[in-house]
>>> print(open('work23.pdb').read())   # PDB, C-alpha atoms, pLDDT in the B column
ATOM      1  CA  MET M 148       0.000   0.000   0.000  1.00 81.00           C
ATOM      2  CA  LYS M 149       1.144   3.517  -0.709  1.00 87.00           C
ATOM      3  CA  LYS M 150      -0.096   6.889   0.421  1.00 88.00           C
ATOM      4  CA  ILE M 151      -1.728   9.464  -1.858  1.00 86.00           C
ATOM      5  CA  GLU M 152      -3.316  12.585  -0.327  1.00 80.00           C
ATOM      6  CA  SER M 153      -3.056  10.828   3.065  1.00 88.00           C
ATOM      7  CA  VAL M 154      -5.120   7.900   1.716  1.00 94.00           C
ATOM      8  CA  LEU M 155      -3.673   4.369   1.784  1.00 96.00           C
ATOM      9  CA  ILE M 156      -3.934   2.961  -1.702  1.00 97.00           C
ATOM     10  CA  LYS M 157      -3.498  -0.513  -3.174  1.00 97.00           C
ATOM     11  CA  ILE M 158      -3.798  -1.258  -6.904  1.00 98.00           C
ATOM     12  CA  LYS M 159      -3.327  -4.814  -8.180  1.00 98.00           C
ATOM     13  CA  ILE M 160      -3.719  -6.304 -11.648  1.00 98.00           C
ATOM     14  CA  GLN M 161      -3.491 -10.082 -11.384  1.00 98.00           C
ATOM     15  CA  ASN M 162      -4.473 -13.418 -12.880  1.00 98.00           C
ATOM     16  CA  SER M 163      -5.271 -15.014  -9.548  1.00 98.00           C
ATOM     17  CA  ASP M 164      -8.483 -14.707  -7.555  1.00 98.00           C
ATOM     18  CA  PHE M 165      -8.821 -12.410  -4.525  1.00 98.00           C
ATOM     19  CA  ASP M 166     -10.115 -13.017  -1.017  1.00 98.00           C
ATOM     20  CA  VAL M 167     -12.744 -10.419  -0.108  1.00 98.00           C
ATOM     21  CA  SER M 168     -12.538 -10.953   3.667  1.00 98.00           C
ATOM     22  CA  LYS M 169      -8.747 -10.608   3.585  1.00 98.00           C
ATOM     23  CA  GLU M 170      -9.002  -7.404   1.577  1.00 98.00           C
ATOM     24  CA  THR M 171     -11.690  -6.032   3.877  1.00 97.00           C
ATOM     25  CA  LYS M 172      -9.517  -6.722   6.901  1.00 97.00           C
ATOM     26  CA  GLN M 173      -6.680  -4.800   5.280  1.00 96.00           C
ATOM     27  CA  LEU M 174      -8.979  -1.808   4.718  1.00 97.00           C
ATOM     28  CA  ASN M 175      -9.999  -1.889   8.369  1.00 95.00           C
ATOM     29  CA  ILE M 176      -7.125   0.274   9.587  1.00 87.00           C
ATOM     30  CA  ASN M 177      -7.063   3.828  10.933  1.00 81.00           C
ATOM     31  CA  LYS M 178     -10.447   3.126  12.558  1.00 87.00           C
ATOM     32  CA  PRO M 179     -12.855   3.723   9.669  1.00 93.00           C
ATOM     33  CA  GLY M 180     -16.561   3.858  10.469  1.00 95.00           C
ATOM     34  CA  ALA M 181     -17.487   2.245   7.185  1.00 98.00           C
ATOM     35  CA  ILE M 182     -16.125   0.010   4.455  1.00 98.00           C
ATOM     36  CA  VAL M 183     -17.939  -0.366   1.141  1.00 98.00           C
ATOM     37  CA  ASN M 184     -16.885  -3.188  -1.173  1.00 98.00           C
ATOM     38  CA  PHE M 185     -17.899  -3.670  -4.776  1.00 98.00           C
ATOM     39  CA  ILE M 186     -17.272  -7.049  -6.397  1.00 98.00           C
ATOM     40  CA  GLY M 187     -17.788  -7.512 -10.125  1.00 97.00           C
ATOM     41  CA  ILE M 188     -18.710 -11.041 -11.225  1.00 96.00           C
ATOM     42  CA  VAL M 189     -18.510 -12.635 -14.674  1.00 94.00           C
ATOM     43  CA  ARG M 190     -22.060 -12.885 -16.028  1.00 89.00           C
ATOM     44  CA  GLY M 191     -23.055 -16.274 -17.343  1.00 87.00           C
ATOM     45  CA  ILE M 192     -25.576 -14.967 -19.853  1.00 88.00           C
ATOM     46  CA  ASP M 193     -25.127 -12.222 -22.466  1.00 81.00           C
ATOM     47  CA  ASP M 194     -27.461  -9.302 -21.668  1.00 77.00           C
ATOM     48  CA  LYS M 195     -28.496  -8.719 -25.264  1.00 78.00           C
ATOM     49  CA  THR M 196     -28.320 -12.048 -27.057  1.00 79.00           C
ATOM     50  CA  HIS M 197     -29.225 -14.153 -23.980  1.00 84.00           C
ATOM     51  CA  GLU M 198     -26.502 -16.540 -25.126  1.00 85.00           C
ATOM     52  CA  LYS M 199     -24.737 -18.595 -22.508  1.00 90.00           C
ATOM     53  CA  ILE M 200     -21.218 -17.257 -21.932  1.00 90.00           C
ATOM     54  CA  TYR M 201     -18.613 -19.955 -21.621  1.00 90.00           C
ATOM     55  CA  SER M 202     -15.612 -17.807 -20.763  1.00 95.00           C
ATOM     56  CA  MET M 203     -14.251 -14.285 -20.761  1.00 95.00           C
ATOM     57  CA  THR M 204     -10.620 -13.357 -21.417  1.00 97.00           C
ATOM     58  CA  LEU M 205      -9.248 -10.011 -20.344  1.00 98.00           C
ATOM     59  CA  GLU M 206      -6.182  -8.183 -21.550  1.00 98.00           C
ATOM     60  CA  HIS M 207      -4.823  -4.832 -20.451  1.00 98.00           C
ATOM     61  CA  TYR M 208      -2.096  -2.285 -21.096  1.00 98.00           C
ATOM     62  CA  PRO M 209       0.460  -2.846 -18.304  1.00 98.00           C
ATOM     63  CA  GLY M 210       1.720   0.408 -16.864  1.00 98.00           C
ATOM     64  CA  MET M 211      -1.066   2.530 -18.272  1.00 98.00           C
ATOM     65  CA  THR M 212      -3.741   0.558 -16.398  1.00 98.00           C
ATOM     66  CA  GLU M 213      -2.139   1.195 -13.020  1.00 98.00           C
ATOM     67  CA  ALA M 214      -1.503   4.863 -13.891  1.00 98.00           C
ATOM     68  CA  GLU M 215      -5.109   5.449 -14.976  1.00 98.00           C
ATOM     69  CA  ILE M 216      -6.511   3.784 -11.849  1.00 98.00           C
ATOM     70  CA  GLU M 217      -4.153   5.821  -9.681  1.00 97.00           C
ATOM     71  CA  THR M 218      -5.428   9.026 -11.283  1.00 97.00           C
ATOM     72  CA  ILE M 219      -9.019   7.980 -10.512  1.00 98.00           C
ATOM     73  CA  LEU M 220      -8.138   7.183  -6.881  1.00 97.00           C
ATOM     74  CA  ARG M 221      -6.313  10.505  -6.555  1.00 97.00           C
ATOM     75  CA  ASP M 222      -9.425  12.346  -7.788  1.00 96.00           C
ATOM     76  CA  ALA M 223     -11.694  10.358  -5.452  1.00 97.00           C
ATOM     77  CA  SER M 224      -9.370  11.124  -2.525  1.00 96.00           C
ATOM     78  CA  LYS M 225      -9.693  14.839  -3.225  1.00 95.00           C
ATOM     79  CA  ARG M 226     -13.461  14.626  -3.488  1.00 96.00           C
ATOM     80  CA  TRP M 227     -14.307  12.569  -0.401  1.00 96.00           C
ATOM     81  CA  LYS M 228     -12.823  11.973   3.030  1.00 96.00           C
ATOM     82  CA  ILE M 229     -11.432   8.468   2.674  1.00 96.00           C
ATOM     83  CA  SER M 230      -8.859   6.531   4.700  1.00 96.00           C
ATOM     84  CA  ALA M 231      -8.027   3.627   2.346  1.00 97.00           C
ATOM     85  CA  ILE M 232      -8.839   2.288  -1.125  1.00 98.00           C
ATOM     86  CA  THR M 233      -8.069  -1.086  -2.704  1.00 98.00           C
ATOM     87  CA  VAL M 234      -8.618  -1.859  -6.379  1.00 98.00           C
ATOM     88  CA  ILE M 235      -7.944  -5.371  -7.691  1.00 98.00           C
ATOM     89  CA  HIS M 236      -8.687  -6.253 -11.312  1.00 98.00           C
ATOM     90  CA  ARG M 237      -8.185  -9.705 -12.727  1.00 98.00           C
ATOM     91  CA  VAL M 238      -6.899 -10.445 -16.238  1.00 98.00           C
ATOM     92  CA  GLY M 239      -6.610 -13.667 -18.246  1.00 98.00           C
ATOM     93  CA  LYS M 240      -9.273 -16.291 -18.748  1.00 98.00           C
ATOM     94  CA  LEU M 241     -12.275 -16.209 -16.401  1.00 97.00           C
ATOM     95  CA  PHE M 242     -15.468 -18.223 -16.249  1.00 96.00           C
ATOM     96  CA  SER M 243     -19.084 -17.583 -15.328  1.00 93.00           C
ATOM     97  CA  SER M 244     -19.469 -16.570 -11.641  1.00 94.00           C
ATOM     98  CA  ASP M 245     -15.746 -15.787 -11.226  1.00 97.00           C
ATOM     99  CA  GLN M 246     -14.825 -12.622  -9.351  1.00 98.00           C
ATOM    100  CA  ILE M 247     -13.398 -10.094 -11.792  1.00 98.00           C
ATOM    101  CA  VAL M 248     -12.966  -6.786  -9.975  1.00 98.00           C
ATOM    102  CA  PHE M 249     -12.791  -5.571  -6.387  1.00 98.00           C
ATOM    103  CA  VAL M 250     -13.143  -1.961  -5.256  1.00 98.00           C
ATOM    104  CA  GLY M 251     -13.046  -1.398  -1.506  1.00 98.00           C
ATOM    105  CA  VAL M 252     -13.273   2.012   0.142  1.00 98.00           C
ATOM    106  CA  ALA M 253     -12.825   2.745   3.833  1.00 98.00           C
ATOM    107  CA  SER M 254     -14.048   5.978   5.353  1.00 97.00           C
ATOM    108  CA  LYS M 255     -15.258   7.451   8.625  1.00 96.00           C
ATOM    109  CA  HIS M 256     -18.812   7.718   7.298  1.00 94.00           C
ATOM    110  CA  ARG M 257     -20.761   5.430   4.997  1.00 97.00           C
ATOM    111  CA  GLN M 258     -21.930   8.053   2.488  1.00 97.00           C
ATOM    112  CA  ASN M 259     -18.363   8.949   1.508  1.00 97.00           C
ATOM    113  CA  ALA M 260     -17.487   5.271   1.124  1.00 98.00           C
ATOM    114  CA  PHE M 261     -20.600   4.519  -0.980  1.00 98.00           C
ATOM    115  CA  ASP M 262     -20.113   7.539  -3.240  1.00 98.00           C
ATOM    116  CA  ALA M 263     -16.370   7.073  -3.706  1.00 98.00           C
ATOM    117  CA  CYS M 264     -16.796   3.364  -4.515  1.00 98.00           C
ATOM    118  CA  ASN M 265     -19.454   4.179  -7.120  1.00 98.00           C
ATOM    119  CA  TYR M 266     -17.297   6.976  -8.576  1.00 98.00           C
ATOM    120  CA  ILE M 267     -14.217   4.733  -8.842  1.00 98.00           C
ATOM    121  CA  MET M 268     -16.144   1.967 -10.657  1.00 98.00           C
ATOM    122  CA  ASP M 269     -17.764   4.419 -13.092  1.00 97.00           C
ATOM    123  CA  TRP M 270     -14.400   5.934 -14.048  1.00 97.00           C
ATOM    124  CA  LEU M 271     -12.592   2.599 -14.136  1.00 98.00           C
ATOM    125  CA  LYS M 272     -15.160   1.306 -16.649  1.00 96.00           C
ATOM    126  CA  ASN M 273     -14.499   4.317 -18.871  1.00 96.00           C
ATOM    127  CA  LYS M 274     -10.762   4.886 -18.531  1.00 97.00           C
ATOM    128  CA  ALA M 275      -8.809   1.837 -17.364  1.00 98.00           C
ATOM    129  CA  PRO M 276      -7.384   0.087 -20.461  1.00 98.00           C
ATOM    130  CA  PHE M 277      -8.900  -3.401 -20.200  1.00 98.00           C
ATOM    131  CA  TRP M 278     -10.576  -5.324 -23.015  1.00 98.00           C
ATOM    132  CA  LYS M 279     -12.757  -8.415 -22.793  1.00 96.00           C
ATOM    133  CA  ILE M 280     -13.295 -11.155 -25.311  1.00 96.00           C
ATOM    134  CA  GLU M 281     -16.401 -13.257 -24.711  1.00 93.00           C
ATOM    135  CA  GLU M 282     -16.762 -16.855 -25.716  1.00 92.00           C
ATOM    136  CA  SER M 283     -20.236 -18.333 -26.097  1.00 88.00           C
ATOM    137  CA  SER M 284     -21.325 -21.640 -27.582  1.00 82.00           C
ATOM    138  CA  LYS M 285     -21.727 -19.853 -30.931  1.00 84.00           C
ATOM    139  CA  GLU M 286     -18.848 -17.393 -31.192  1.00 87.00           C
ATOM    140  CA  LYS M 287     -15.891 -15.569 -29.736  1.00 91.00           C
ATOM    141  CA  LYS M 288     -16.272 -11.797 -29.822  1.00 93.00           C
ATOM    142  CA  TRP M 289     -14.760  -8.632 -28.359  1.00 94.00           C
ATOM    143  CA  VAL M 290     -17.155  -7.000 -25.931  1.00 91.00           C
ATOM    144  CA  LYS M 291     -18.419  -3.659 -27.243  1.00 89.00           C
ATOM    145  CA  PHE M 292     -18.136  -0.500 -25.192  1.00 86.00           C
ATOM    146  CA  ASN M 293     -21.390   0.126 -23.373  1.00 83.00           C
ATOM    147  CA  VAL M 294     -22.754   3.645 -23.943  1.00 81.00           C
ATOM    148  CA  SER M 295     -24.564   3.523 -20.596  1.00 84.00           C
ATOM    149  CA  ASP M 296     -21.106   3.393 -18.959  1.00 83.00           C
ATOM    150  CA  ASP M 297     -20.375   6.727 -20.600  1.00 83.00           C
ATOM    151  CA  ASP M 298     -23.702   8.143 -19.385  1.00 87.00           C
ATOM    152  CA  ALA M 299     -22.872   7.000 -15.856  1.00 90.00           C
ATOM    153  CA  LEU M 300     -20.103   9.611 -15.731  1.00 92.00           C
ATOM    154  CA  LYS M 301     -22.579  12.460 -16.157  1.00 91.00           C
ATOM    155  CA  LYS M 302     -23.617  12.292 -12.528  1.00 90.00           C
ATOM    156  CA  TRP M 303     -20.017  13.123 -11.542  1.00 93.00           C
ATOM    157  CA  THR M 304     -19.336  15.813 -14.125  1.00 88.00           C
ATOM    158  CA  GLU M 305     -22.628  17.660 -14.616  1.00 81.00           C
ATOM    159  CA  GLY M 306     -22.887  21.028 -12.951  1.00 65.00           C
ATOM    160  CA  LYS M 307     -19.120  21.110 -12.451  1.00 57.00           C
TER
ATOM    161  CA  MET E  26       9.322   4.573 -32.028  1.00 95.00           C
ATOM    162  CA  ILE E  27       7.386   1.798 -30.355  1.00 97.00           C
ATOM    163  CA  ILE E  28       3.759   1.282 -31.353  1.00 98.00           C
ATOM    164  CA  LYS E  29       1.456  -0.991 -29.382  1.00 98.00           C
ATOM    165  CA  TYR E  30      -1.875  -2.429 -30.480  1.00 98.00           C
ATOM    166  CA  PHE E  31      -4.577  -3.939 -28.299  1.00 98.00           C
ATOM    167  CA  SER E  32      -7.762  -5.985 -28.646  1.00 97.00           C
ATOM    168  CA  TRP E  33      -9.238  -6.253 -32.165  1.00 96.00           C
ATOM    169  CA  ILE E  34      -6.816  -3.642 -33.507  1.00 97.00           C
ATOM    170  CA  ARG E  35      -3.962  -6.005 -32.569  1.00 97.00           C
ATOM    171  CA  GLU E  36      -5.752  -8.846 -34.360  1.00 96.00           C
ATOM    172  CA  HIS E  37      -6.123  -6.764 -37.553  1.00 95.00           C
ATOM    173  CA  VAL E  38      -2.514  -5.568 -37.506  1.00 96.00           C
ATOM    174  CA  GLY E  39      -1.304  -9.079 -36.667  1.00 96.00           C
ATOM    175  CA  LYS E  40       1.109  -8.021 -33.915  1.00 97.00           C
ATOM    176  CA  SER E  41       0.938  -6.507 -30.454  1.00 98.00           C
ATOM    177  CA  GLU E  42       3.973  -4.272 -30.830  1.00 97.00           C
ATOM    178  CA  GLU E  43       6.402  -2.960 -33.408  1.00 97.00           C
ATOM    179  CA  GLU E  44       9.300  -0.559 -33.668  1.00 97.00           C
ATOM    180  CA  ILE E  45       9.441   1.826 -36.589  1.00 95.00           C
ATOM    181  CA  ASN E  46      11.721   4.614 -37.713  1.00 93.00           C
ATOM    182  CA  LEU E  47       9.612   7.684 -37.909  1.00 91.00           C
ATOM    183  CA  PRO E  48       9.663   9.314 -41.375  1.00 93.00           C
ATOM    184  CA  GLU E  49      10.293  13.062 -41.311  1.00 93.00           C
ATOM    185  CA  SER E  50       6.865  13.761 -42.733  1.00 94.00           C
ATOM    186  CA  VAL E  51       5.206  12.368 -39.595  1.00 96.00           C
ATOM    187  CA  ILE E  52       4.596  15.146 -37.072  1.00 97.00           C
ATOM    188  CA  THR E  53       1.335  14.144 -35.380  1.00 98.00           C
ATOM    189  CA  ILE E  54      -0.527  10.929 -34.510  1.00 97.00           C
ATOM    190  CA  ASP E  55      -2.826  11.645 -37.432  1.00 97.00           C
ATOM    191  CA  ASP E  56       0.217  11.673 -39.754  1.00 97.00           C
ATOM    192  CA  LEU E  57       1.388   8.399 -38.213  1.00 97.00           C
ATOM    193  CA  ILE E  58      -1.939   6.686 -38.942  1.00 97.00           C
ATOM    194  CA  ASN E  59      -1.863   8.005 -42.533  1.00 97.00           C
ATOM    195  CA  TYR E  60       1.702   6.760 -42.904  1.00 97.00           C
ATOM    196  CA  LEU E  61       0.872   3.277 -41.569  1.00 97.00           C
ATOM    197  CA  ILE E  62      -2.142   3.022 -43.872  1.00 96.00           C
ATOM    198  CA  SER E  63       0.067   3.953 -46.841  1.00 95.00           C
ATOM    199  CA  VAL E  64       2.597   1.233 -45.968  1.00 93.00           C
ATOM    200  CA  ASN E  65       0.350  -1.805 -45.646  1.00 93.00           C
ATOM    201  CA  GLU E  66      -3.230  -2.815 -46.326  1.00 93.00           C
ATOM    202  CA  VAL E  67      -3.679  -4.378 -42.866  1.00 94.00           C
ATOM    203  CA  TYR E  68      -3.564  -0.940 -41.236  1.00 96.00           C
ATOM    204  CA  LYS E  69      -6.312   0.273 -43.555  1.00 95.00           C
ATOM    205  CA  ILE E  70      -8.598  -2.363 -42.059  1.00 94.00           C
ATOM    206  CA  ALA E  71      -7.354  -1.819 -38.503  1.00 95.00           C
ATOM    207  CA  PHE E  72      -7.967   1.927 -38.714  1.00 96.00           C
ATOM    208  CA  LEU E  73     -11.265   1.702 -40.587  1.00 93.00           C
ATOM    209  CA  LYS E  74     -13.166   3.009 -37.560  1.00 90.00           C
ATOM    210  CA  ARG E  75     -10.546   5.677 -37.035  1.00 92.00           C
ATOM    211  CA  ASP E  76     -12.698   8.109 -35.039  1.00 93.00           C
ATOM    212  CA  LEU E  77     -13.542   5.375 -32.554  1.00 93.00           C
ATOM    213  CA  ILE E  78      -9.966   4.337 -31.811  1.00 97.00           C
ATOM    214  CA  LYS E  79      -8.371   5.564 -28.594  1.00 98.00           C
ATOM    215  CA  ILE E  80      -4.802   6.833 -28.547  1.00 98.00           C
ATOM    216  CA  ALA E  81      -2.193   6.875 -25.797  1.00 98.00           C
ATOM    217  CA  VAL E  82       1.209   8.581 -25.881  1.00 98.00           C
ATOM    218  CA  ASN E  83       3.619   7.321 -23.222  1.00 98.00           C
ATOM    219  CA  LYS E  84       0.773   5.515 -21.430  1.00 98.00           C
ATOM    220  CA  SER E  85      -1.410   8.585 -21.183  1.00 98.00           C
ATOM    221  CA  TYR E  86      -4.613   9.349 -23.148  1.00 98.00           C
ATOM    222  CA  SER E  87      -3.941  11.596 -26.118  1.00 98.00           C
ATOM    223  CA  SER E  88      -5.567  12.780 -29.340  1.00 96.00           C
ATOM    224  CA  ALA E  89      -4.932  12.579 -33.080  1.00 96.00           C
ATOM    225  CA  GLY E  90      -3.490  16.099 -33.293  1.00 97.00           C
ATOM    226  CA  THR E  91      -0.753  15.431 -30.705  1.00 97.00           C
ATOM    227  CA  LYS E  92       2.822  15.970 -31.891  1.00 97.00           C
ATOM    228  CA  ILE E  93       5.051  12.923 -31.466  1.00 97.00           C
ATOM    229  CA  ASN E  94       8.745  12.069 -31.652  1.00 95.00           C
ATOM    230  CA  ASP E  95      10.938   8.989 -32.059  1.00 94.00           C
ATOM    231  CA  LYS E  96      11.210   8.350 -28.328  1.00 95.00           C
ATOM    232  CA  ASP E  97       7.471   8.155 -27.708  1.00 97.00           C
ATOM    233  CA  GLU E  98       5.535   4.969 -27.066  1.00 98.00           C
ATOM    234  CA  ILE E  99       2.260   5.138 -28.967  1.00 98.00           C
ATOM    235  CA  ALA E 100      -0.691   2.835 -28.345  1.00 98.00           C
ATOM    236  CA  PHE E 101      -3.873   2.307 -30.345  1.00 98.00           C
ATOM    237  CA  PHE E 102      -6.852   0.562 -28.793  1.00 98.00           C
ATOM    238  CA  PRO E 103     -10.674   0.357 -28.916  1.00 97.00           C
ATOM    239  CA  PRO E 104     -12.882   1.878 -26.197  1.00 96.00           C
ATOM    240  CA  VAL E 105     -12.181   0.043 -22.954  1.00 97.00           C
ATOM    241  CA  THR E 106     -14.418  -2.721 -21.569  1.00 95.00           C
ATOM    242  CA  GLY E 107     -13.061  -3.623 -18.140  1.00 94.00           C
ATOM    243  CA  GLY E 108     -14.820  -3.870 -14.825  1.00 91.00           C
TER
END
>>> encode(input="work23.pdb", output="structure tokens")
Amino acid sequence: MKKIESVLIKIKIQNSDFDVSKETKQLNINKPGAIVNFIGIVRGIDDKTHEKIYSMTLEHYPGMTEAEIETILRDASKRWKISAITVIHRVGKLFSSDQIVFVGVASKHRQNAFDACNYIMDWLKNKAPFWKIEESSKEKKWVKFNVSDDDALKKWTEGK
Amino acid sequence: MIIKYFSWIREHVGKSEEEINLPESVITIDDLINYLISVNEVYKIAFLKRDLIKIAVNKSYSSAGTKINDKDEIAFFPPVTGG
């Protein structure tokens, strides 16, 4: 963990799975009043085609990924009073129901933790250089960027 | 100069990375794309949806008008789909 704006930060890009209770314990330092965790899971069914998804393979741009996430965490740390943040994103081949991403935020009060966690996920979806290829029984295809992810940013930028 | 390609752009180009000597005529990223397209047909296909493609210079988001030099690391990739 390193410190940015007095916030303890951990960013990990890894093939292996993560242990949510272990990560939560690590966030439980400096006496926070609240910890909010978000865990992204590989969906087993395609939202649009309703096809069964067999696997999902993720690639990323090493170096840039960590830098982009760090920028997001820096911005979140300026916006809310937070004591610690952990972001873990898995890459490689994953299967239905696998954990894919973890965002944990510790803060004195729950609202800051909820908002910062939401903010970090919204920006990560739009900026962190990851790409997914989905394999169903019929085909293997690159996942298309979801416009609703772009719209999600409006709540953080409008009126600013 | 090192150029990196990701996702379906990498598949079209047929490689994840390459090193090229920058011709003098190339000043901006836009010039670089035009140059690549002029060299080989595969780039024409890779850059077909040119306006959609994201650009990074030295691992930081950039745009087509950005001036580049031989020491830069350029990356081309589609909109991101992590999370």
>>> closest_residue(input="work23.pdb", among="M:Leu174, M:Ile232, M:Val252, M:Ile280", to="Ile200 of chain M", atoms="only C-alpha atoms")
M:Ile280
>>> closest_residue(input="work23.pdb", among="E:Asp56, E:Glu43, E:Glu98, E:Glu66", to="chain M", atoms="only C-alpha atoms")
E:Glu98
>>> resolve_selection(input="work23.pdb", expression="the PyMOL selection byres ((chain E) within 12 of (chain M))", output="VMD selection string")
chain E and resid 29 to 36 41 to 42 77 to 86 98 to 108
>>> residues_around(input="work23.pdb", residues="His37 of chain E", least_positions_apart="4", cutoff="7 Å", atoms="all atoms listed in the file", output="ChimeraX atom specification")
/E:33,67,70-71
>>> atom_distance(input="work23.pdb", atom1="atom CA of Ala181 of chain M", atom2="atom CA of Thr218 of chain M")
23.1 Å
>>> closest_residue(input="work23.pdb", among="M:Tyr201, M:Phe242, M:Phe261, M:Phe165", to="Ser283 of chain M", atoms="all atoms listed in the file")
M:Tyr201
>>> closest_residue(input="work23.pdb", among="M:Glu217, M:Glu286, M:Glu152, M:Glu170", to="Ser202 of chain M", atoms="only C-alpha atoms")
M:Glu286
>>> resolve_selection(input="work23.pdb", expression="the PyMOL selection byres ((chain M and resi 156) around 10)", output="ChimeraX atom specification")
/M:148-155,157-158,174,217,220-221,224,230-234,252
>>> write_last_selection(input="work23.pdb", atoms="C-alpha atoms", output="mmCIF file, keeping the file's coordinate frame")
data_model
loop_
_atom_site.group_PDB
_atom_site.id
_atom_site.type_symbol
_atom_site.label_atom_id
_atom_site.label_comp_id
_atom_site.auth_asym_id
_atom_site.auth_seq_id
_atom_site.Cartn_x
_atom_site.Cartn_y
_atom_site.Cartn_z
ATOM 1 C CA MET M 148 0.000 0.000 0.000
ATOM 2 C CA LYS M 149 1.144 3.517 -0.709
ATOM 3 C CA LYS M 150 -0.096 6.889 0.421
ATOM 4 C CA ILE M 151 -1.728 9.464 -1.858
ATOM 5 C CA GLU M 152 -3.316 12.585 -0.327
ATOM 6 C CA SER M 153 -3.056 10.828 3.065
ATOM 7 C CA VAL M 154 -5.120 7.900 1.716
ATOM 8 C CA LEU M 155 -3.673 4.369 1.784
ATOM 9 C CA LYS M 157 -3.498 -0.513 -3.174
ATOM 10 C CA ILE M 158 -3.798 -1.258 -6.904
ATOM 11 C CA LEU M 174 -8.979 -1.808 4.718
ATOM 12 C CA GLU M 217 -4.153 5.821 -9.681
ATOM 13 C CA LEU M 220 -8.138 7.183 -6.881
ATOM 14 C CA ARG M 221 -6.313 10.505 -6.555
ATOM 15 C CA SER M 224 -9.370 11.124 -2.525
ATOM 16 C CA SER M 230 -8.859 6.531 4.700
ATOM 17 C CA ALA M 231 -8.027 3.627 2.346
ATOM 18 C CA ILE M 232 -8.839 2.288 -1.125
ATOM 19 C CA THR M 233 -8.069 -1.086 -2.704
ATOM 20 C CA VAL M 234 -8.618 -1.859 -6.379
ATOM 21 C CA VAL M 252 -13.273 2.012 0.142
#
>>> resolve_selection(input="work23.pdb", expression="the PyMOL selection byres ((chain E and resi 26) around 6)", output="mmCIF file with C-alpha atoms, in the coordinates of the input")
data_model
loop_
_atom_site.group_PDB
_atom_site.id
_atom_site.type_symbol
_atom_site.label_atom_id
_atom_site.label_comp_id
_atom_site.auth_asym_id
_atom_site.auth_seq_id
_atom_site.Cartn_x
_atom_site.Cartn_y
_atom_site.Cartn_z
ATOM 1 C CA ILE E 27 7.386 1.798 -30.355
ATOM 2 C CA GLU E 44 9.300 -0.559 -33.668
ATOM 3 C CA ILE E 45 9.441 1.826 -36.589
ATOM 4 C CA ASP E 95 10.938 8.989 -32.059
ATOM 5 C CA LYS E 96 11.210 8.350 -28.328
ATOM 6 C CA ASP E 97 7.471 8.155 -27.708
#
>>> atom_distance(input="work23.pdb", atom1="atom CA of Ile192 of chain M", atom2="atom CA of Asp166 of chain M")
24.4 Å
